[in-house]
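> Quick one: the structure is below, and I'll ask about it shortly.
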Amino acid sequence: MMMTKTKKPIALAVGMLLGLSVATAQATDDMSLHISPQSQPAPEGLEDYAHGDARSGYIYATEETRTLQDDDFENPAFLWVEKAQEQWSTPEGDANKSCQSCHGDVESMKGVGAVYPKFDPEIGDLLNLEKRINRCRSEGMQATPWKWESDELLGMTSLVKMQSRGMPVNVSIDGPAKEYFEKGMKFYNTRVGQMDLACKHCHIDQNGNYMRAELLSQGQANGFPTYRLKWQKLGSLHRRFRGCNNNIRAEKLANGSPEYMALELYVTWRGNGLPIEAPSVRK
Amino acid sequence: MNFRIFKRKLASAFTLCAFGGLTFGASSALAEGSLMRVSEPNLKPYTIVDGTSIPDSLSGKAGNAVNGKKLLVHRKKGNCLTCHSAPILEEEFHGDVAPPLEGVGDRMSAGEIRLRLVNPKVINPDTPMMAYYRTHGLNQVSKSFVGKPMLNEQEIEDIVAYLITLK
């Protein structure tokens with residue numbers, strides 16, 4: 001039987017069979033299990049969008065798309081952000097409170113977007129920004145939580161995350177978060193769908209190659225929520241996961257499902273050190 | 001009821017093959033002269049010889065190379081240009097994640113190409129290339145594709161017939 005040279009992901013798979021904790025110990029030391037080692041430094045002028053071997057999707061985007069993202073007046077995502085700015089100080093719900101009532105100016109959210117998803121000891125589960133905001137709506141404001149892919153939630157998530165623009169992604173996988181990290185990593189390396197591909201086949205093994213007209217990036221999360229030209233709309237990271245699942249004829253999982261939450265932690269962690277770009281623009 | 005038993009039989013037949021051949025077979029069952037019979041739900045059974053080739057046509061009929069070329073390009077069928085380039089100049093964007101298909105008819109026999117399409121993981125378990133004739137052992141498949149192969153037996157034969165002309 002022909003065998004290609006044993007690649008590290010195989011070692012990882014074996015490691016996972018032997019015991020997850022062993023796998024992570026090696027895993028976090030050796031970044032090549034998570035990100036394809038880059039032979040070239042980041043292109044000139046784009047150094048800020050790289051960290052170690054991690055590369056933002058911005059580097060793979062076309063000149064036109066980057067220009068759209070760079071100018072807040074051109075970036076279509078700002079239609080949503082502007083509405084969220086009004087929303088921030090609009091009281092709602094049975095408690096008749098606004099975000100402002102409890103948090104003050106939105107600038108107080110600086111740094112918050114860089115550390116989510118994050119384990120919340122109070123509820124004993126992982127929260128991403130969307131879930132955190134909705135918790136404030138249901139608990140603090142006693143208002144109905146926003147639907148996952150609603151304009152309101154996308155806009156507010158962008159507004160909050162935007163306060164950390166340029167700051168390095170810095171999610172923690174220590175303590176109780178570790179279990180989620182391991183689950184997310186396992187999902188990332190599991191073949192799914194009729195086409196039987198794992199995330200890693202496209203975003204690690206084939207990073208930098210073309211699949212027809214698509215240049216494969218590392219599938220980083222630092223730009224989300226993203227305005228996609230294809231969607232003509234702002235969209236969440238989980239919407240992207242659903243799209244990447246659907247393209248290989250895999251069942252799409254629910255937004256906010258435990259699988260996608262764990263995946264979000266893993267995917268975001270792979271990009272620790274990349275700058276927050278939300279709201280980014282992608283093809 | 002009958003159908004359920006039938007399906008279970010097929011599944012267990014495949015499991016036998018999988019353990020006898022694919023998993024431990026890397027060195028033993030797939031050695032020279034070995035034959036591995038594979039049967040999966042909804043698919044015609046076939047035989048892998050030496051772990052390298054499926055010499056017999058899946059449909060029992062010859063393939064049609066002209067149709068094979070169309071299926072190879074078609075985005076809802078082979079969509080092979082996602083990863084491979086091929087000497088099909090009228091198509092814009094060819095992928096570069098896999099070896100060019102040009103000259104594949106010189107490098108490989110029809111039987112070797114057939115196995116490549118049916119289940120490339122027999123040759124390289126870590127390949128990104130999908131098994132085009134497989135229904136078993138997959139996870140989280142979209143409801144509308146469960147139990148269906150990517151290509152049917154005659155479509156595989158048509159593509160094999162086209163590839164063999166690429167000399």
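By order in the structure tokens, chains are A, B, ...; within a chain, residues start at 1; ligands start at 1, following the order shown.
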Find the residues near range 152-155 of chain A: any atom within 6 Å, counting only C-alpha atoms, skip ones fewer than 2 places away on the same chain, and give them as a PDB file with all heavy atoms, in the first residue's frame.


ATOM      1  N   TRP A  80     -25.104  48.445   9.311  1.00  0.00           N
ATOM      2  CA  TRP A  80     -25.575  47.691  10.480  1.00  0.00           C
ATOM      3  C   TRP A  80     -25.002  48.306  11.763  1.00  0.00           C
ATOM      4  O   TRP A  80     -25.680  48.414  12.758  1.00  0.00           O
ATOM      5  CB  TRP A  80     -25.145  46.222  10.371  1.00  0.00           C
ATOM      6  CG  TRP A  80     -25.961  45.402   9.438  1.00  0.00           C
ATOM      7  CD1 TRP A  80     -26.973  44.556   9.788  1.00  0.00           C
ATOM      8  CD2 TRP A  80     -25.849  45.325   8.010  1.00  0.00           C
ATOM      9  NE1 TRP A  80     -27.497  43.949   8.664  1.00  0.00           N
ATOM     10  CE2 TRP A  80     -26.825  44.389   7.565  1.00  0.00           C
ATOM     11  CE3 TRP A  80     -25.026  45.919   7.055  1.00  0.00           C
ATOM     12  CZ2 TRP A  80     -26.998  44.052   6.215  1.00  0.00           C
ATOM     13  CZ3 TRP A  80     -25.192  45.588   5.713  1.00  0.00           C
ATOM     14  CH2 TRP A  80     -26.171  44.676   5.304  1.00  0.00           C
ATOM     15  N   VAL A  81     -23.734  48.696  11.677  1.00  0.00           N
ATOM     16  CA  VAL A  81     -23.065  49.253  12.850  1.00  0.00           C
ATOM     17  C   VAL A  81     -23.742  50.552  13.293  1.00  0.00           C
ATOM     18  O   VAL A  81     -23.953  50.774  14.495  1.00  0.00           O
ATOM     19  CB  VAL A  81     -21.568  49.489  12.554  1.00  0.00           C
ATOM     20  CG1 VAL A  81     -20.904  50.262  13.681  1.00  0.00           C
ATOM     21  CG2 VAL A  81     -20.855  48.155  12.338  1.00  0.00           C
ATOM     22  N   ALA A  84     -26.772  49.842  15.192  1.00  0.00           N
ATOM     23  CA  ALA A  84     -26.438  49.309  16.511  1.00  0.00           C
ATOM     24  C   ALA A  84     -26.030  50.441  17.455  1.00  0.00           C
ATOM     25  O   ALA A  84     -26.303  50.395  18.657  1.00  0.00           O
ATOM     26  CB  ALA A  84     -25.320  48.275  16.397  1.00  0.00           C
ATOM     27  N   TRP A 146     -32.229  38.478  20.600  1.00  0.00           N
ATOM     28  CA  TRP A 146     -32.279  38.609  19.147  1.00  0.00           C
ATOM     29  C   TRP A 146     -32.006  37.265  18.483  1.00  0.00           C
ATOM     30  O   TRP A 146     -31.225  36.455  18.994  1.00  0.00           O
ATOM     31  CB  TRP A 146     -31.194  39.607  18.701  1.00  0.00           C
ATOM     32  CG  TRP A 146     -31.559  41.038  18.936  1.00  0.00           C
ATOM     33  CD1 TRP A 146     -32.761  41.621  18.694  1.00  0.00           C
ATOM     34  CD2 TRP A 146     -30.704  42.065  19.440  1.00  0.00           C
ATOM     35  NE1 TRP A 146     -32.707  42.965  19.023  1.00  0.00           N
ATOM     36  CE2 TRP A 146     -31.458  43.273  19.475  1.00  0.00           C
ATOM     37  CE3 TRP A 146     -29.376  42.120  19.858  1.00  0.00           C
ATOM     38  CZ2 TRP A 146     -30.928  44.482  19.907  1.00  0.00           C
ATOM     39  CZ3 TRP A 146     -28.838  43.321  20.291  1.00  0.00           C
ATOM     40  CH2 TRP A 146     -29.613  44.493  20.313  1.00  0.00           C
ATOM     41  N   SER A 150     -29.944  37.761  12.904  1.00  0.00           N
ATOM     42  CA  SER A 150     -30.739  38.972  12.696  1.00  0.00           C
ATOM     43  C   SER A 150     -29.826  40.173  12.489  1.00  0.00           C
ATOM     44  O   SER A 150     -28.678  40.187  12.961  1.00  0.00           O
ATOM     45  CB  SER A 150     -31.637  39.228  13.911  1.00  0.00           C
ATOM     46  OG  SER A 150     -30.842  39.482  15.058  1.00  0.00           O
ATOM     47  N   THR A 157     -23.043  42.854  17.588  1.00  0.00           N
ATOM     48  CA  THR A 157     -21.805  42.082  17.741  1.00  0.00           C
ATOM     49  C   THR A 157     -20.650  42.832  17.064  1.00  0.00           C
ATOM     50  O   THR A 157     -19.550  42.935  17.618  1.00  0.00           O
ATOM     51  CB  THR A 157     -21.974  40.677  17.117  1.00  0.00           C
ATOM     52  OG1 THR A 157     -23.136  40.082  17.677  1.00  0.00           O
ATOM     53  CG2 THR A 157     -20.784  39.792  17.386  1.00  0.00           C
ATOM     54  N   SER A 158     -20.919  43.376  15.876  1.00  0.00           N
ATOM     55  CA  SER A 158     -19.874  44.119  15.163  1.00  0.00           C
ATOM     56  C   SER A 158     -19.468  45.350  15.948  1.00  0.00           C
ATOM     57  O   SER A 158     -18.280  45.657  16.063  1.00  0.00           O
ATOM     58  CB  SER A 158     -20.358  44.547  13.777  1.00  0.00           C
ATOM     59  OG  SER A 158     -20.697  43.423  13.016  1.00  0.00           O
TER      60      SER A 158
END

> Please, which residues of chain B lie no more than 10 Å from chain A when the count uses only C-alpha atoms, and can they be set out as a PyMOL selection string?

chain B and resi 25-28+30-31+50-52+79-85+92-98+122-132+134-150

> Just how far from CA of Gly60 in chain B is CA of Gly78 in chain B, in Å to one decimal?

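Pair CA of Gly78 in chain B / CA of Gly60 in chain B returns 20.5 Å.
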
> If I take CA of Asn189 in chain A and CA of Val73 in chain B, how far is one from the other in Å, to one decimal?

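So the two atoms, CA of Asn189 in chain A and CA of Val73 in chain B, lie 28.4 Å apart.
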
> May I ask for the distance between CA of Pro41 in chain B and CA of Asn152 in chain B, given in Å to one decimal place?

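Separating CA of Pro41 in chain B from CA of Asn152 in chain B is a distance of 13.0 Å.
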
> Using only C-alpha atoms, which of A:Cys244, A:Met167, A:Ala77, A:Leu46 sits nearest Glu63 in chain A?

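Among A:Cys244, A:Met167, A:Ala77, A:Leu46, it is A:Leu46 that comes nearest to Glu63 in chain A.
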
> Considering only C-alpha atoms, can you say which of B:Lys44, B:Glu102, B:Lys77, B:Pro120 comes closest to Leu89 in chain B?

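Smallest distance to Leu89 in chain B is found for B:Glu102.
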
> Which of chain B end up as alpha helix (DSSP H) when DSSP is run on this backbone - answer as JSON, numbers by chain?

{"B": [2, 3, 4, 5, 6, 7, 8, 9, 10, 11, 12, 13, 14, 15, 16, 17, 65, 66, 67, 68, 69, 70, 71, 72, 73, 104, 105, 106, 107, 110, 111, 112, 113, 114, 115, 116, 117, 118, 153, 154, 155, 156, 157, 158, 159, 160, 161, 162, 163]}

> Counting only C-alpha atoms, what is within 10 Å of Trp148 in chain A, bar same-chain residues fewer than 2 positions away, as a list in words?

Glu130, Lys131, Asn134, Pro145, Trp146, Ser150, Asp151, Glu152, Leu153, Leu154, Gly235, Ser236, His238, Arg239, Ala254, Asn255 and Gly256 of chain A

> Just to be explicit: take each residue in the selection above, keep N, CA, C and O atoms, and write the result as a PDB file, in the first residue's frame.


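The result, stored in out_27.pdb:
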ATOM      1  N   GLU A 130     -22.139  36.844  20.625  1.00  0.00           N
ATOM      2  CA  GLU A 130     -23.571  36.808  20.331  1.00  0.00           C
ATOM      3  C   GLU A 130     -24.352  36.329  21.550  1.00  0.00           C
ATOM      4  O   GLU A 130     -25.368  36.918  21.938  1.00  0.00           O
ATOM      5  N   LYS A 131     -23.878  35.233  22.140  1.00  0.00           N
ATOM      6  CA  LYS A 131     -24.601  34.683  23.295  1.00  0.00           C
ATOM      7  C   LYS A 131     -24.516  35.609  24.503  1.00  0.00           C
ATOM      8  O   LYS A 131     -25.453  35.733  25.277  1.00  0.00           O
ATOM      9  N   ASN A 134     -26.954  38.452  23.993  1.00  0.00           N
ATOM     10  CA  ASN A 134     -28.324  37.988  24.182  1.00  0.00           C
ATOM     11  C   ASN A 134     -28.645  37.701  25.637  1.00  0.00           C
ATOM     12  O   ASN A 134     -29.786  37.841  26.066  1.00  0.00           O
ATOM     13  N   PRO A 145     -34.426  37.899  23.384  1.00  0.00           N
ATOM     14  CA  PRO A 145     -33.115  37.790  22.739  1.00  0.00           C
ATOM     15  C   PRO A 145     -33.259  37.946  21.225  1.00  0.00           C
ATOM     16  O   PRO A 145     -34.300  37.608  20.667  1.00  0.00           O
ATOM     17  N   TRP A 146     -32.229  38.478  20.600  1.00  0.00           N
ATOM     18  CA  TRP A 146     -32.279  38.609  19.147  1.00  0.00           C
ATOM     19  C   TRP A 146     -32.006  37.265  18.483  1.00  0.00           C
ATOM     20  O   TRP A 146     -31.225  36.455  18.994  1.00  0.00           O
ATOM     21  N   SER A 150     -29.944  37.761  12.904  1.00  0.00           N
ATOM     22  CA  SER A 150     -30.739  38.972  12.696  1.00  0.00           C
ATOM     23  C   SER A 150     -29.826  40.173  12.489  1.00  0.00           C
ATOM     24  O   SER A 150     -28.678  40.187  12.961  1.00  0.00           O
ATOM     25  N   ASP A 151     -30.335  41.174  11.788  1.00  0.00           N
ATOM     26  CA  ASP A 151     -29.575  42.403  11.571  1.00  0.00           C
ATOM     27  C   ASP A 151     -29.149  43.009  12.906  1.00  0.00           C
ATOM     28  O   ASP A 151     -28.034  43.506  13.047  1.00  0.00           O
ATOM     29  N   GLU A 152     -30.047  42.964  13.897  1.00  0.00           N
ATOM     30  CA  GLU A 152     -29.763  43.589  15.193  1.00  0.00           C
ATOM     31  C   GLU A 152     -28.563  42.928  15.871  1.00  0.00           C
ATOM     32  O   GLU A 152     -27.648  43.604  16.341  1.00  0.00           O
ATOM     33  N   LEU A 153     -28.591  41.589  15.937  1.00  0.00           N
ATOM     34  CA  LEU A 153     -27.508  40.902  16.652  1.00  0.00           C
ATOM     35  C   LEU A 153     -26.185  41.023  15.889  1.00  0.00           C
ATOM     36  O   LEU A 153     -25.125  41.226  16.496  1.00  0.00           O
ATOM     37  N   LEU A 154     -26.250  40.936  14.566  1.00  0.00           N
ATOM     38  CA  LEU A 154     -25.019  41.072  13.772  1.00  0.00           C
ATOM     39  C   LEU A 154     -24.422  42.463  13.953  1.00  0.00           C
ATOM     40  O   LEU A 154     -23.211  42.629  14.114  1.00  0.00           O
ATOM     41  N   GLY A 235     -22.600  38.780   8.025  1.00  0.00           N
ATOM     42  CA  GLY A 235     -22.899  37.413   8.452  1.00  0.00           C
ATOM     43  C   GLY A 235     -22.000  36.979   9.604  1.00  0.00           C
ATOM     44  O   GLY A 235     -20.916  37.523   9.801  1.00  0.00           O
ATOM     45  N   SER A 236     -22.500  36.001  10.354  1.00  0.00           N
ATOM     46  CA  SER A 236     -21.765  35.525  11.531  1.00  0.00           C
ATOM     47  C   SER A 236     -20.772  34.434  11.144  1.00  0.00           C
ATOM     48  O   SER A 236     -20.848  33.851  10.071  1.00  0.00           O
ATOM     49  N   HIS A 238     -20.725  31.544  12.467  1.00  0.00           N
ATOM     50  CA  HIS A 238     -21.441  30.273  12.368  1.00  0.00           C
ATOM     51  C   HIS A 238     -22.117  30.130  11.003  1.00  0.00           C
ATOM     52  O   HIS A 238     -22.268  29.033  10.500  1.00  0.00           O
ATOM     53  N   ARG A 239     -22.495  31.252  10.408  1.00  0.00           N
ATOM     54  CA  ARG A 239     -23.053  31.163   9.052  1.00  0.00           C
ATOM     55  C   ARG A 239     -21.973  30.650   8.092  1.00  0.00           C
ATOM     56  O   ARG A 239     -22.245  29.872   7.189  1.00  0.00           O
ATOM     57  N   ALA A 254     -26.845  23.738  13.757  1.00  0.00           N
ATOM     58  CA  ALA A 254     -27.547  24.968  14.123  1.00  0.00           C
ATOM     59  C   ALA A 254     -26.560  26.037  14.577  1.00  0.00           C
ATOM     60  O   ALA A 254     -25.543  25.727  15.216  1.00  0.00           O
ATOM     61  N   ASN A 255     -26.843  27.291  14.236  1.00  0.00           N
ATOM     62  CA  ASN A 255     -26.103  28.415  14.789  1.00  0.00           C
ATOM     63  C   ASN A 255     -26.127  28.293  16.296  1.00  0.00           C
ATOM     64  O   ASN A 255     -27.187  28.058  16.880  1.00  0.00           O
ATOM     65  N   GLY A 256     -24.974  28.462  16.929  1.00  0.00           N
ATOM     66  CA  GLY A 256     -24.936  28.409  18.386  1.00  0.00           C
ATOM     67  C   GLY A 256     -24.971  27.009  18.967  1.00  0.00           C
ATOM     68  O   GLY A 256     -25.007  26.850  20.182  1.00  0.00           O
TER      69      GLY A 256
END

> For range 110-116 of chain B, work out the shell of residues within 8 Å, counting only C-alpha atoms and skipping chain neighbours fewer than 4 positions away, then give it as JSON, numbers by chain.

{"B": [48, 52, 53, 54, 55, 56, 105, 120, 123, 131, 156, 157, 160, 161, 163, 164]}

> Ranking B:Ser39, B:Glu91, B:Thr165, B:Tyr46 by minimum distance to Val66 in chain B and counting only C-alpha atoms, which one comes first?

B:Thr165

> Please return, as a PDB file with N, CA, C and O atoms, in the first residue's frame, all residues of range 13-224 of chain A that DSSP assigns to strand (DSSP E) on the basis of the backbone.


ATOM      1  N   ALA A  50      -0.491  39.485   9.947  1.00  0.00           N
ATOM      2  CA  ALA A  50       0.125  38.175  10.165  1.00  0.00           C
ATOM      3  C   ALA A  50       0.667  38.122  11.582  1.00  0.00           C
ATOM      4  O   ALA A  50       0.998  39.145  12.183  1.00  0.00           O
ATOM      5  N   HIS A  51       0.726  36.899  12.107  1.00  0.00           N
ATOM      6  CA  HIS A  51       1.348  36.705  13.409  1.00  0.00           C
ATOM      7  C   HIS A  51       1.921  35.295  13.413  1.00  0.00           C
ATOM      8  O   HIS A  51       1.167  34.332  13.332  1.00  0.00           O
ATOM      9  N   ALA A  54       0.310  32.466  11.368  1.00  0.00           N
ATOM     10  CA  ALA A  54      -1.100  32.808  11.158  1.00  0.00           C
ATOM     11  C   ALA A  54      -1.207  33.959  10.156  1.00  0.00           C
ATOM     12  O   ALA A  54      -0.428  34.912  10.197  1.00  0.00           O
ATOM     13  N   ARG A  55      -2.170  33.847   9.244  1.00  0.00           N
ATOM     14  CA  ARG A  55      -2.419  34.881   8.239  1.00  0.00           C
ATOM     15  C   ARG A  55      -3.914  35.188   8.224  1.00  0.00           C
ATOM     16  O   ARG A  55      -4.734  34.278   8.092  1.00  0.00           O
ATOM     17  N   LYS A 118     -15.418  32.736  25.511  1.00  0.00           N
ATOM     18  CA  LYS A 118     -14.844  32.682  26.842  1.00  0.00           C
ATOM     19  C   LYS A 118     -15.756  31.848  27.734  1.00  0.00           C
ATOM     20  O   LYS A 118     -16.977  31.905  27.600  1.00  0.00           O
ATOM     21  N   PHE A 119     -15.157  31.094  28.638  1.00  0.00           N
ATOM     22  CA  PHE A 119     -15.951  30.293  29.564  1.00  0.00           C
ATOM     23  C   PHE A 119     -16.542  31.208  30.620  1.00  0.00           C
ATOM     24  O   PHE A 119     -15.831  32.011  31.214  1.00  0.00           O
ATOM     25  N   ASP A 120     -17.848  31.088  30.827  1.00  0.00           N
ATOM     26  CA  ASP A 120     -18.512  31.921  31.834  1.00  0.00           C
ATOM     27  C   ASP A 120     -18.822  31.069  33.066  1.00  0.00           C
ATOM     28  O   ASP A 120     -19.668  30.177  33.006  1.00  0.00           O
ATOM     29  N   ASP A 125     -20.776  27.603  31.114  1.00  0.00           N
ATOM     30  CA  ASP A 125     -20.706  27.211  29.706  1.00  0.00           C
ATOM     31  C   ASP A 125     -19.897  28.257  28.936  1.00  0.00           C
ATOM     32  O   ASP A 125     -19.612  29.344  29.441  1.00  0.00           O
ATOM     33  N   LEU A 126     -19.559  27.889  27.699  1.00  0.00           N
ATOM     34  CA  LEU A 126     -18.816  28.794  26.845  1.00  0.00           C
ATOM     35  C   LEU A 126     -19.775  29.831  26.248  1.00  0.00           C
ATOM     36  O   LEU A 126     -20.860  29.493  25.802  1.00  0.00           O
ATOM     37  N   LEU A 127     -19.353  31.093  26.253  1.00  0.00           N
ATOM     38  CA  LEU A 127     -20.161  32.141  25.616  1.00  0.00           C
ATOM     39  C   LEU A 127     -19.347  32.789  24.512  1.00  0.00           C
ATOM     40  O   LEU A 127     -18.163  33.069  24.700  1.00  0.00           O
ATOM     41  N   TYR A 210      -5.155  26.896  -4.895  1.00  0.00           N
ATOM     42  CA  TYR A 210      -6.423  27.248  -5.523  1.00  0.00           C
ATOM     43  C   TYR A 210      -7.322  26.037  -5.676  1.00  0.00           C
ATOM     44  O   TYR A 210      -6.900  24.996  -6.164  1.00  0.00           O
ATOM     45  N   MET A 211      -8.587  26.190  -5.254  1.00  0.00           N
ATOM     46  CA  MET A 211      -9.630  25.251  -5.643  1.00  0.00           C
ATOM     47  C   MET A 211     -10.450  25.995  -6.676  1.00  0.00           C
ATOM     48  O   MET A 211     -11.197  26.921  -6.320  1.00  0.00           O
ATOM     49  N   GLU A 214     -10.997  29.752  -6.206  1.00  0.00           N
ATOM     50  CA  GLU A 214     -10.940  30.126  -4.786  1.00  0.00           C
ATOM     51  C   GLU A 214      -9.545  29.914  -4.219  1.00  0.00           C
ATOM     52  O   GLU A 214      -9.046  28.790  -4.188  1.00  0.00           O
ATOM     53  N   LEU A 215      -8.925  30.986  -3.759  1.00  0.00           N
ATOM     54  CA  LEU A 215      -7.639  30.863  -3.077  1.00  0.00           C
ATOM     55  C   LEU A 215      -7.927  30.508  -1.622  1.00  0.00           C
ATOM     56  O   LEU A 215      -8.625  31.237  -0.922  1.00  0.00           O
TER      57      LEU A 215
END

> Between A:Trp269, A:Phe241, A:Tyr260, A:Phe187, which residue has the minimum interatomic distance to Pro168 in chain A, considering only C-alpha atoms?

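Counting only C-alpha atoms, the residue closest to Pro168 in chain A is A:Trp269.
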